[in-house]
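Chemist: For reference, this is structure25.json, and it has JSON, C-alpha atoms.
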[["chain", "number", "residue", "atom", "x", "y", "z"],
["A", 1, "MET", "CA", 84.78, 93.73, 115.36],
["A", 2, "ARG", "CA", 87.54, 96.07, 116.49],
["A", 3, "ARG", "CA", 90.00, 97.76, 114.18],
["A", 4, "ARG", "CA", 93.30, 99.57, 114.46],
["A", 5, "ASP", "CA", 94.70, 101.83, 111.78],
["A", 6, "TYR", "CA", 98.43, 101.97, 111.14],
["A", 7, "TYR", "CA", 99.89, 104.78, 109.07],
["A", 8, "ARG", "CA", 103.54, 105.04, 108.12],
["A", 9, "ASP", "CA", 104.33, 102.78, 111.06],
["A", 10, "PRO", "CA", 107.33, 100.46, 110.59],
["A", 11, "ASP", "CA", 105.80, 98.06, 113.13],
["A", 12, "ALA", "CA", 102.52, 97.74, 111.21],
["A", 13, "PRO", "CA", 101.47, 94.22, 110.24],
["A", 14, "LYS", "CA", 101.72, 93.30, 106.57],
["A", 15, "ALA", "CA", 98.54, 93.63, 104.55],
["A", 16, "ASN", "CA", 96.80, 90.41, 103.55],
["A", 17, "SER", "CA", 93.79, 91.89, 101.71],
["A", 18, "LEU", "CA", 92.73, 94.71, 99.45],
["A", 19, "VAL", "CA", 89.03, 95.61, 99.35],
["A", 20, "PRO", "CA", 87.54, 98.45, 97.27],
["A", 21, "GLY", "CA", 85.76, 101.00, 99.42],
["A", 22, "GLY", "CA", 84.46, 104.52, 99.25],
["A", 23, "SER", "CA", 83.30, 107.38, 101.39],
["A", 24, "ALA", "CA", 81.22, 110.53, 101.09],
["A", 25, "LEU", "CA", 82.29, 114.05, 101.91],
["A", 26, "ILE", "CA", 79.07, 115.99, 102.43],
["A", 27, "VAL", "CA", 79.07, 119.66, 103.37],
["A", 28, "ASP", "CA", 76.11, 121.58, 104.77],
["A", 29, "GLU", "CA", 75.17, 125.17, 104.02],
["A", 30, "ARG", "CA", 77.48, 126.44, 106.81],
["A", 31, "GLY", "CA", 80.49, 124.53, 105.47],
["A", 32, "ALA", "CA", 80.39, 121.85, 108.20],
["A", 33, "ILE", "CA", 81.16, 118.26, 107.18],
["A", 34, "LEU", "CA", 79.01, 115.21, 107.87],
["A", 35, "LEU", "CA", 80.96, 112.81, 110.11],
["A", 36, "GLN", "CA", 80.32, 109.73, 112.17],
["A", 37, "ARG", "CA", 82.14, 108.68, 115.31],
["A", 38, "ARG", "CA", 83.07, 105.08, 114.59],
["A", 39, "SER", "CA", 82.13, 102.52, 117.22],
["A", 40, "ASP", "CA", 85.08, 100.28, 116.23],
["A", 41, "SER", "CA", 87.85, 102.86, 116.67],
["A", 42, "GLY", "CA", 86.34, 105.90, 118.40],
["A", 43, "ASN", "CA", 87.57, 108.15, 115.58],
["A", 44, "TRP", "CA", 85.50, 110.66, 113.66],
["A", 45, "SER", "CA", 85.30, 109.58, 110.05],
["A", 46, "LEU", "CA", 83.50, 110.17, 106.78],
["A", 47, "PRO", "CA", 80.57, 107.82, 106.18],
["A", 48, "GLY", "CA", 81.36, 104.98, 103.80],
["A", 49, "GLY", "CA", 82.34, 101.36, 103.49],
["A", 50, "THR", "CA", 83.22, 98.53, 101.14],
["A", 51, "MET", "CA", 81.60, 97.36, 97.94],
["A", 52, "GLU", "CA", 79.28, 94.42, 97.67],
["A", 53, "ILE", "CA", 79.07, 92.22, 94.60],
["A", 54, "GLY", "CA", 76.57, 93.63, 92.11],
["A", 55, "GLU", "CA", 76.96, 97.30, 92.95],
["A", 56, "THR", "CA", 79.09, 100.17, 91.69],
["A", 57, "LEU", "CA", 81.30, 102.09, 94.07],
["A", 58, "GLU", "CA", 78.94, 105.07, 93.82],
["A", 59, "GLN", "CA", 76.02, 102.81, 94.82],
["A", 60, "CYS", "CA", 78.15, 101.49, 97.68],
["A", 61, "VAL", "CA", 78.84, 104.98, 99.03],
["A", 62, "ILE", "CA", 75.18, 105.97, 98.79],
["A", 63, "ARG", "CA", 74.11, 102.72, 100.55],
["A", 64, "GLU", "CA", 76.75, 103.00, 103.27],
["A", 65, "THR", "CA", 75.99, 106.66, 103.91],
["A", 66, "ARG", "CA", 72.29, 105.79, 104.31],
["A", 67, "GLU", "CA", 73.09, 102.87, 106.65],
["A", 68, "GLU", "CA", 75.49, 104.90, 108.80],
["A", 69, "THR", "CA", 73.74, 108.30, 108.91],
["A", 70, "GLY", "CA", 70.10, 107.79, 107.92],
["A", 71, "LEU", "CA", 70.51, 110.26, 105.07],
["A", 72, "ASP", "CA", 69.78, 109.72, 101.39],
["A", 73, "THR", "CA", 72.46, 111.23, 99.20],
["A", 74, "GLU", "CA", 73.61, 111.61, 95.64],
["A", 75, "ILE", "CA", 77.16, 111.78, 94.32],
["A", 76, "THR", "CA", 78.18, 115.20, 92.98],
["A", 77, "GLY", "CA", 81.91, 114.89, 92.37],
["A", 78, "LEU", "CA", 85.22, 113.28, 93.24],
["A", 79, "LEU", "CA", 87.57, 114.44, 96.00],
["A", 80, "GLY", "CA", 90.21, 111.79, 95.39],
["A", 81, "ILE", "CA", 91.52, 108.26, 95.21],
["A", 82, "TYR", "CA", 93.39, 107.09, 98.32],
["A", 83, "THR", "CA", 95.43, 103.87, 98.00],
["A", 84, "ASP", "CA", 98.48, 104.47, 100.22],
["A", 85, "PRO", "CA", 100.14, 101.08, 100.98],
["A", 86, "GLU", "CA", 101.54, 102.66, 104.16],
["A", 87, "HIS", "CA", 98.01, 102.80, 105.59],
["A", 88, "VAL", "CA", 96.87, 99.37, 106.75],
["A", 89, "ILE", "CA", 93.91, 98.50, 108.92],
["A", 90, "PHE", "CA", 94.13, 95.57, 111.34],
["A", 91, "TYR", "CA", 90.83, 93.90, 112.19],
["A", 92, "SER", "CA", 90.33, 91.67, 115.22],
["A", 93, "ASP", "CA", 89.53, 88.69, 112.95],
["A", 94, "GLY", "CA", 93.11, 88.77, 111.56],
["A", 95, "GLU", "CA", 92.44, 90.64, 108.34],
["A", 96, "VAL", "CA", 95.00, 93.35, 107.60],
["A", 97, "ARG", "CA", 93.66, 95.54, 104.81],
["A", 98, "GLN", "CA", 95.64, 97.94, 102.65],
["A", 99, "GLU", "CA", 93.83, 101.23, 102.19],
["A", 100, "PHE", "CA", 91.71, 101.49, 99.04],
["A", 101, "ASN", "CA", 89.23, 104.35, 99.26],
["A", 102, "ILE", "CA", 87.67, 106.60, 96.69],
["A", 103, "THR", "CA", 86.16, 109.66, 98.34],
["A", 104, "TYR", "CA", 83.25, 111.28, 96.56],
["A", 105, "TYR", "CA", 81.55, 114.58, 97.17],
["A", 106, "GLY", "CA", 77.85, 114.18, 97.85],
["A", 107, "ARG", "CA", 74.76, 116.06, 98.85],
["A", 108, "VAL", "CA", 71.78, 115.15, 100.99],
["A", 109, "ILE", "CA", 68.50, 114.62, 99.13],
["A", 110, "GLY", "CA", 66.40, 113.15, 101.96],
["A", 111, "GLY", "CA", 66.28, 111.05, 105.10],
["A", 112, "ARG", "CA", 66.78, 111.93, 108.75],
["A", 113, "LEU", "CA", 70.10, 112.11, 110.60],
["A", 114, "GLN", "CA", 70.48, 109.12, 112.96],
["A", 115, "VAL", "CA", 73.13, 106.99, 114.64],
["A", 116, "SER", "CA", 73.68, 103.41, 113.46],
["A", 117, "ASP", "CA", 75.22, 100.38, 115.16],
["A", 118, "GLU", "CA", 78.50, 101.32, 113.44],
["A", 119, "SER", "CA", 78.70, 104.71, 115.15],
["A", 120, "THR", "CA", 78.27, 106.37, 118.50],
["A", 121, "ASP", "CA", 77.50, 109.83, 117.09],
["A", 122, "VAL", "CA", 76.66, 111.38, 113.72],
["A", 123, "ARG", "CA", 76.74, 115.11, 113.09],
["A", 124, "TYR", "CA", 78.04, 117.97, 111.00],
["A", 125, "LEU", "CA", 81.30, 119.40, 112.34],
["A", 126, "SER", "CA", 83.43, 122.33, 111.23],
["A", 127, "LEU", "CA", 87.09, 121.77, 110.45],
["A", 128, "ASP", "CA", 87.97, 123.95, 113.47],
["A", 129, "ALA", "CA", 85.85, 121.76, 115.77],
["A", 130, "LEU", "CA", 87.79, 118.69, 114.61],
["A", 131, "GLU", "CA", 91.19, 120.12, 115.48],
["A", 132, "HIS", "CA", 91.31, 118.46, 118.92],
["A", 133, "GLU", "CA", 89.01, 115.49, 118.18],
["A", 134, "PRO", "CA", 90.18, 111.93, 117.40],
["A", 135, "VAL", "CA", 90.45, 111.77, 113.59],
["A", 136, "HIS", "CA", 92.81, 109.39, 111.79],
["A", 137, "GLU", "CA", 95.55, 111.12, 109.81],
["A", 138, "THR", "CA", 94.31, 109.68, 106.51],
["A", 139, "VAL", "CA", 90.87, 111.26, 107.10],
["A", 140, "ARG", "CA", 92.57, 114.53, 108.05],
["A", 141, "LEU", "CA", 94.38, 114.33, 104.69],
["A", 142, "ARG", "CA", 91.03, 114.14, 102.89],
["A", 143, "LEU", "CA", 89.68, 117.03, 104.93],
["A", 144, "ARG", "CA", 92.79, 119.10, 104.03],
["A", 145, "HIS", "CA", 92.30, 118.27, 100.36],
["A", 146, "HIS", "CA", 88.70, 119.47, 100.63],
["A", 147, "ALA", "CA", 89.74, 122.68, 102.43],
["A", 148, "GLU", "CA", 92.30, 123.40, 99.69],
["A", 149, "GLY", "CA", 89.49, 123.59, 97.14],
["A", 150, "ARG", "CA", 91.49, 121.56, 94.62],
["A", 151, "ALA", "CA", 90.52, 121.90, 90.97],
["A", 152, "ASP", "CA", 91.46, 118.27, 90.27],
["A", 153, "PRO", "CA", 90.90, 115.12, 92.33],
["A", 154, "TYR", "CA", 93.76, 113.77, 94.44],
["A", 155, "LEU", "CA", 95.28, 110.65, 92.90],
["A", 156, "GLY", "CA", 97.36, 108.65, 95.31]]
Could you write out this file's structure as structure tokens?
Modeler:
Amino acid sequence: MRRRDYYRDPDAPKANSLVPGGSALIVDERGAILLQRRSDSGNWSLPGGTMEIGETLEQCVIRETREETGLDTEITGLLGIYTDPEHVIFYSDGEVRQEFNITYYGRVIGGRLQVSDESTDVRYLSLDALEHEPVHETVRLRLRHHAEGRADPYLG
């Protein structure tokens, strides 16, 4: 299924769903960030996804990170809560989802880095390396919040 992100776009379609989701911001010993290149949009993004019935959001992020990167992780903190109604995601099946993402900090505790069917590439990239790569503005916002070294999580 294809997707298109709209952000602060007056021509964006109106949202018709709201689904809780989360992502993991994982940093290696060099300060590079674990990212996947999404097969549905071509953008680099943090690993993550939407909750399933019967799991917590933390369990969701750990599961999705494993599915998308091959790595086992644990949650270590909270970067922020991202619920901007001006960010909507249009899916080819007609769903138009308002952003609802809680981004956790995590660390790798096992597994082996691998590409999934949801990505075309998975690797650690420095913030400088991402400057000229396709990254959606809402992911860039999270990366900026991380780079700022905020004492408190972003709430927005």
Chemist: Which residue is closest to Pro47 in chain A? Choose from A:Asp121, A:Asp128, A:Glu95, A:Asp28 and count all atoms listed in the file.
Modeler: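 That would be A:Asp121, the residue with the smallest distance to Pro47 in chain A.
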Chemist: Find the distance between CA of Arg140 in chain A and CA of Thr56 in chain A and write it in Å to one decimal.
Modeler: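 Taking CA of Arg140 in chain A as the start and CA of Thr56 in chain A as the end point, the length is 25.6 Å.
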Chemist: Considering all atoms listed in the file, state which residue in the set A:Ala24, A:Ala129, A:Leu79, A:Ile89 is at the smallest distance from Glu64 in chain A.
Modeler: A:Ala24
Chemist: Here's a test: counting all atoms listed in the file, identify every protein, DNA and RNA residue with an atom at most 9 Å from (87.6, 122.1, 110.8) in the file's coordinate frame, and state them as a list in words.
Modeler: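 Residues with an atom at most 9 Å from (87.6, 122.1, 110.8): Ala32, Ile33, Leu125, Ser126, Leu127, Asp128, Ala129, Leu130, Glu131, Leu143 and Ala147 of chain A.
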Chemist: In Å, with one decimal, what is the gap from CA of Val135 in chain A to CA of Ser45 in chain A?
Modeler: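 Computed distance, CA of Val135 in chain A to CA of Ser45 in chain A, equals 6.6 Å.
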Chemist: For Trp44 in chain A, find every residue with an atom within 8 Å (counting all atoms listed in the file), except residues of its own chain fewer than 6 positions away, and show them as a compact mmCIF listing (two decimals) with C-alpha atoms, in the frame of the given file.
Modeler:
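Just written: result-v2.txt:
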# COMPACT_ATOMS: atom_id res chain seq x y z
CA LEU A 35 80.96 112.81 110.11
CA GLN A 36 80.32 109.73 112.17
CA ARG A 37 82.14 108.68 115.31
CA ARG A 38 83.07 105.08 114.59
CA GLU A 133 89.01 115.49 118.18
CA PRO A 134 90.18 111.93 117.40
CA VAL A 135 90.45 111.77 113.59
CA HIS A 136 92.81 109.39 111.79
Chemist: Within 8 Å of Phe100 in chain A, counting all atoms listed in the file, which residues show up once you throw out same-chain ones fewer than 5 positions away? Write them as a ChimeraX atom specification, please.
Modeler: /A:18-22,81-84
Chemist: In Å to one decimal, how far is CA of Glu68 in chain A from CA of Gln114 in chain A?
Modeler: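 Those two atoms sit 7.8 Å apart.
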Chemist: Which residue, A:Leu34, A:Val88, A:Asp72, A:Ile26, has the smallest gap to Pro10 in chain A when you use only C-alpha atoms?
Modeler: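 Closest to Pro10 in chain A of all the choices is A:Val88.
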Chemist: So, with only C-alpha atoms as the atoms that count, which of A:Asn43, A:Ser23, A:Thr50, A:Asn16 lies closest to Glu137 in chain A?
Modeler: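 Counting only C-alpha atoms, the residue closest to Glu137 in chain A is A:Asn43.
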Chemist: Neighbours of Thr76 in chain A within 8 Å (all atoms listed in the file; same-chain residues fewer than 4 positions away dropped), as a ChimeraX atom specification?
Modeler: /A:104-107
Chemist: Selection from above, C-alpha atoms, as a compact mmCIF listing (two decimals), in the frame of the given file, can you write it?
Modeler:
# COMPACT_ATOMS: atom_id res chain seq x y z
CA TYR A 104 83.25 111.28 96.56
CA TYR A 105 81.55 114.58 97.17
CA GLY A 106 77.85 114.18 97.85
CA ARG A 107 74.76 116.06 98.85
Chemist: Restricting the calculation to all atoms listed in the file: of A:Arg142, A:Gly31, A:Ala151, A:Ile75, which residue gets closest to Cys60 in chain A?
Modeler: A:Ile75
Chemist: Could you tell me which of A:Val96, A:Ala15, A:Ile62, A:Leu78 comes closest to Arg150 in chain A if we count only C-alpha atoms?
Modeler: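 For Arg150 in chain A, the nearest of the candidates is A:Leu78.
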